[in-house]
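Trainee: coords_9.txt (compact mmCIF, C-alpha atoms) pasted underneath:
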# COMPACT_ATOMS: atom_id res chain seq x y z
CA MET A 1 -20.02 -5.63 -57.04
CA PHE A 2 -16.76 -4.92 -55.28
CA THR A 3 -17.64 -3.48 -51.88
CA LYS A 4 -15.66 -1.75 -49.18
CA GLN A 5 -15.74 -4.99 -47.16
CA HIS A 6 -14.16 -6.88 -50.08
CA PHE A 7 -11.42 -4.27 -50.28
CA ILE A 8 -10.71 -4.53 -46.56
CA LEU A 9 -10.54 -8.32 -46.81
CA LEU A 10 -8.08 -8.07 -49.68
CA MET A 11 -5.88 -5.70 -47.72
CA LEU A 12 -5.55 -8.04 -44.72
CA PRO A 13 -2.23 -9.83 -44.55
CA PHE A 14 -2.60 -13.35 -45.88
CA VAL A 15 -0.86 -16.39 -44.54
CA PHE A 16 -0.03 -19.36 -46.71
CA VAL A 17 -2.29 -22.32 -46.11
CA SER A 18 -1.09 -25.84 -46.62
CA SER A 19 -2.23 -27.56 -49.74
CA ALA A 20 -4.35 -30.69 -49.39
CA SER A 21 -2.38 -32.36 -52.17
CA SER A 22 1.08 -31.78 -50.70
CA ALA A 23 2.36 -35.28 -51.55
CA GLU A 24 1.35 -35.03 -55.19
CA VAL A 25 3.98 -34.05 -57.74
CA ILE A 26 2.59 -31.29 -59.93
CA GLU A 27 3.12 -31.58 -63.67
CA PHE A 28 2.18 -28.72 -65.94
CA SER A 29 3.47 -27.03 -69.06
CA ALA A 30 2.27 -24.22 -71.30
CA LYS A 31 3.69 -21.63 -73.68
CA ASP A 32 5.04 -18.38 -72.33
CA LEU A 33 4.33 -15.03 -73.96
CA GLN A 34 7.27 -15.51 -76.35
CA GLY A 35 5.97 -18.91 -77.53
CA ASN A 36 8.48 -21.02 -75.57
CA VAL A 37 7.19 -24.02 -73.64
CA GLN A 38 7.73 -23.69 -69.90
CA SER A 39 7.23 -26.74 -67.70
CA LEU A 40 7.35 -27.17 -63.97
CA GLU A 41 9.57 -30.20 -64.48
CA GLN A 42 12.37 -28.04 -65.88
CA TYR A 43 12.58 -26.32 -62.49
CA ARG A 44 12.88 -29.47 -60.32
CA GLY A 45 15.35 -28.83 -57.54
CA LYS A 46 14.08 -25.27 -57.08
CA TRP A 47 11.15 -23.71 -55.33
CA VAL A 48 8.58 -22.60 -57.91
CA VAL A 49 6.24 -19.73 -57.15
CA VAL A 50 3.24 -19.85 -59.50
CA ASN A 51 1.29 -16.60 -59.55
CA PHE A 52 -2.11 -16.26 -61.25
CA TRP A 53 -2.63 -12.63 -62.25
CA GLY A 54 -4.71 -10.34 -64.46
CA THR A 55 -4.12 -7.05 -66.26
CA PHE A 56 -7.28 -5.61 -64.67
CA CYS A 57 -6.20 -6.60 -61.14
CA GLY A 58 -4.71 -3.76 -59.07
CA PRO A 59 -3.19 -6.02 -56.37
CA CYS A 60 -1.67 -8.19 -59.13
CA ILE A 61 0.06 -5.21 -60.70
CA LYS A 62 1.17 -3.92 -57.30
CA GLU A 63 2.93 -7.21 -56.41
CA MET A 64 4.70 -7.60 -59.79
CA PRO A 65 7.82 -5.59 -58.82
CA GLU A 66 8.35 -7.68 -55.66
CA LEU A 67 7.79 -10.94 -57.54
CA SER A 68 10.27 -9.78 -60.18
CA ALA A 69 12.81 -8.87 -57.48
CA PHE A 70 12.37 -12.29 -55.85
CA HIS A 71 12.80 -14.02 -59.22
CA ASN A 72 15.89 -11.97 -60.13
CA ASP A 73 17.54 -12.56 -56.76
CA ARG A 74 16.96 -16.31 -56.66
CA LYS A 75 16.49 -17.70 -60.19
CA ASP A 76 20.13 -18.80 -60.44
CA ASP A 77 20.06 -20.29 -56.96
CA ASP A 78 16.98 -21.86 -55.40
CA ALA A 79 13.68 -20.38 -56.64
CA VAL A 80 11.82 -19.04 -59.67
CA VAL A 81 8.52 -17.29 -60.33
CA ILE A 82 6.12 -18.23 -63.12
CA GLY A 83 3.09 -16.08 -63.87
CA ILE A 84 -0.15 -17.44 -65.32
CA ASN A 85 -2.65 -15.21 -67.06
CA GLN A 86 -6.00 -16.61 -68.22
CA GLU A 87 -7.52 -13.55 -69.84
CA GLU A 88 -9.01 -13.74 -73.30
CA ILE A 89 -6.76 -11.11 -74.83
CA PRO A 90 -4.09 -11.42 -77.53
CA VAL A 91 -0.71 -12.71 -76.38
CA ASN A 92 1.09 -9.74 -77.95
CA LEU A 93 -0.90 -7.35 -75.73
CA LEU A 94 0.02 -9.41 -72.66
CA ALA A 95 3.67 -9.39 -73.73
CA ASN A 96 3.58 -5.59 -74.10
CA PHE A 97 1.86 -5.27 -70.72
CA THR A 98 4.52 -7.33 -68.91
CA ARG A 99 7.34 -5.59 -70.78
CA ASN A 100 5.97 -2.16 -69.73
CA LEU A 101 5.81 -3.34 -66.10
CA LYS A 102 9.36 -4.72 -66.40
CA VAL A 103 8.22 -8.19 -65.32
CA SER A 104 11.33 -10.37 -65.28
CA PHE A 105 9.77 -13.80 -64.77
CA PRO A 106 8.11 -15.93 -67.46
CA SER A 107 4.36 -15.51 -67.81
CA LEU A 108 2.21 -18.17 -69.40
CA HIS A 109 -1.01 -17.50 -71.28
CA VAL A 110 -3.36 -20.33 -70.38
CA PRO A 111 -6.95 -20.22 -71.67
CA PHE A 112 -9.45 -20.10 -68.81
CA GLU A 113 -11.13 -23.30 -70.00
CA GLN A 114 -7.81 -25.23 -70.01
CA PRO A 115 -7.53 -27.24 -66.80
CA THR A 116 -4.47 -26.71 -64.61
CA PRO A 117 -3.30 -28.86 -61.70
CA PHE A 118 -4.05 -25.92 -59.41
CA GLY A 119 -7.82 -26.23 -59.75
CA LYS A 120 -10.16 -23.34 -60.34
CA VAL A 121 -8.67 -20.01 -59.33
CA THR A 122 -11.43 -17.59 -58.32
CA ILE A 123 -9.39 -14.83 -56.67
CA LEU A 124 -6.64 -12.80 -58.32
CA PRO A 125 -3.89 -12.76 -57.50
CA THR A 126 -3.46 -16.29 -56.18
CA THR A 127 -0.04 -17.75 -55.52
CA PHE A 128 0.96 -21.41 -55.28
CA ILE A 129 4.29 -22.71 -54.03
CA ILE A 130 5.86 -25.91 -55.28
CA ASN A 131 8.80 -27.37 -53.37
CA PRO A 132 12.04 -28.54 -55.01
CA GLN A 133 10.64 -32.09 -55.21
CA GLY A 134 7.77 -30.81 -57.38
CA GLU A 135 5.06 -31.06 -54.72
CA LEU A 136 2.41 -28.42 -54.23
CA VAL A 137 2.92 -27.28 -50.64
CA ALA A 138 1.04 -23.99 -50.30
CA ARG A 139 -1.43 -21.57 -51.82
CA GLN A 140 -2.34 -18.02 -51.00
CA PRO A 141 -5.36 -16.27 -52.41
CA GLY A 142 -4.75 -12.53 -52.53
CA ALA A 143 -1.65 -10.41 -52.82
CA ILE A 144 1.71 -11.51 -51.46
CA SER A 145 4.73 -9.57 -50.34
CA LEU A 146 8.38 -10.31 -50.95
CA GLU A 147 8.92 -10.64 -47.19
CA THR A 148 6.10 -13.18 -46.76
CA LEU A 149 7.34 -15.25 -49.66
CA GLU A 150 10.96 -15.27 -48.49
CA ASN A 151 9.97 -16.05 -44.89
CA TYR A 152 7.76 -18.95 -45.95
CA ILE A 153 10.43 -20.58 -48.09
CA GLU A 154 13.18 -20.06 -45.50
CA ARG A 155 10.94 -21.55 -42.79
CA LYS A 156 10.23 -24.60 -44.98
CA LYS A 157 13.94 -25.00 -45.73
CA GLN A 158 14.72 -24.95 -42.00
CA GLN A 159 11.98 -27.50 -41.30
CA ALA A 160 13.40 -29.80 -43.99
CA LEU A 161 16.89 -29.52 -42.49
CA GLN A 162 15.55 -30.29 -39.02
CA GLU A 163 13.66 -33.29 -40.36
CA LYS A 164 16.75 -34.55 -42.16
CA PHE A 165 18.79 -34.15 -38.98
CA LYS A 166 16.19 -36.08 -36.96
CA GLN A 167 16.16 -38.88 -39.52
CA GLU A 168 19.95 -39.09 -39.58
CA ARG A 169 20.05 -39.12 -35.80
CA GLY A 170 17.47 -41.89 -35.71
CA LEU A 171 19.50 -43.93 -38.23
CA ASP A 172 22.65 -43.50 -36.12
CA ARG A 173 20.92 -45.08 -33.08
CA SER A 174 19.91 -48.23 -34.98
In structure tokens, what does this structure look like?
Mentor:
Amino acid sequence: MFTKQHFILLMLPFVFVSSASSAEVIEFSAKDLQGNVQSLEQYRGKWVVVNFWGTFCGPCIKEMPELSAFHNDRKDDDAVVIGINQEEIPVNLLANFTRNLKVSFPSLHVPFEQPTPFGKVTILPTTFIINPQGELVARQPGAISLETLENYIERKKQQALQEKFKQERGLDRS
């Protein structure tokens, strides 16, 4: 049963937690709601935000406009969003659902029993972030905001630049 305490926990702001498998390149592909195969590999060089969602999930539906805005603003530049739905409902109903919500990013229909490289997802929504090298770097159970997502990626970009600068500086001293 969903209690008041569960609701309060879901409403708390979440912070991305580092993934234990951050050095592992994630490979995954599945058909989107239009029947086209989408693979993580086709997005190498970009940040990939993978969002598990459900039609019955209020927080999932609430975050869809911000995820769509993020995808629209950055898909031609440095980041994309991919949705994953594991409900046992016909694909055409999912396609109508996303069309009615004006979801702009591709959503994949992956049967619940089909393994994914993200492990078992027990909370919806849950968001995973894959860096441009294809490595899983973060996960966030619960809803996410556009601001949190943008801040996380910008912070990681800055850290990568600082690391590159340190390495170049170290090479210059040799």
Trainee: Please determine, counting all atoms listed in the file, which residue among A:Tyr152, A:Phe165, A:Phe105, A:Phe118 has the shortest atom-to-atom distance to A:Arg74.
Mentor: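 So, comparing all the options, the nearest one is A:Phe105.
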Trainee: What does the distance between atom CA of A:Pro117 and atom CA of A:Ala30 come to in Å, to one decimal place?
Mentor: 12.0 Å
Trainee: So the first atom is atom CA of A:Gln114 and the second is atom CA of A:Thr127; what is the distance between them in Å, to one decimal place?
Mentor: 18.1 Å
Trainee: Which residues, written as a list in words, have at least one atom at most 8 Å from A:His109, with only C-alpha atoms counted and residues fewer than 5 positions away on the same chain left out?
Mentor: Ala30, Lys31, Asp32, Leu33, Ile84, Asn85, Gln86, Glu87 and Val91 of chain A
Trainee: Could you name the residues that touch A:Ile129 at 8 Å or less, counting all atoms listed in the file, but leaving out those on the same chain fewer than 5 positions away, as a list in words?
Mentor: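 Everything that qualifies: Trp47, Val48, Val49, Val50, Leu136, Val137, Ala138 and Arg139 of chain A.
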Trainee: Go ahead and compute the interatomic distance for atom CA of A:Glu27 and atom CA of A:Pro59, in Å to one decimal.
Mentor: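 Result for atom CA of A:Glu27 versus atom CA of A:Pro59: 27.3 Å, one decimal.
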Trainee: Between A:Thr126, A:Asn100, A:Gln162, A:Ser107, which one has atoms that come closest to A:Asn51, using only C-alpha atoms?
Mentor: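 Closest candidate: A:Thr126.
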Trainee: Here is a test: counting all atoms listed in the file, which residue of A:Thr122, A:Pro65, A:Glu88, A:Pro132 is nearest to A:Ser104?
Mentor: A:Pro65
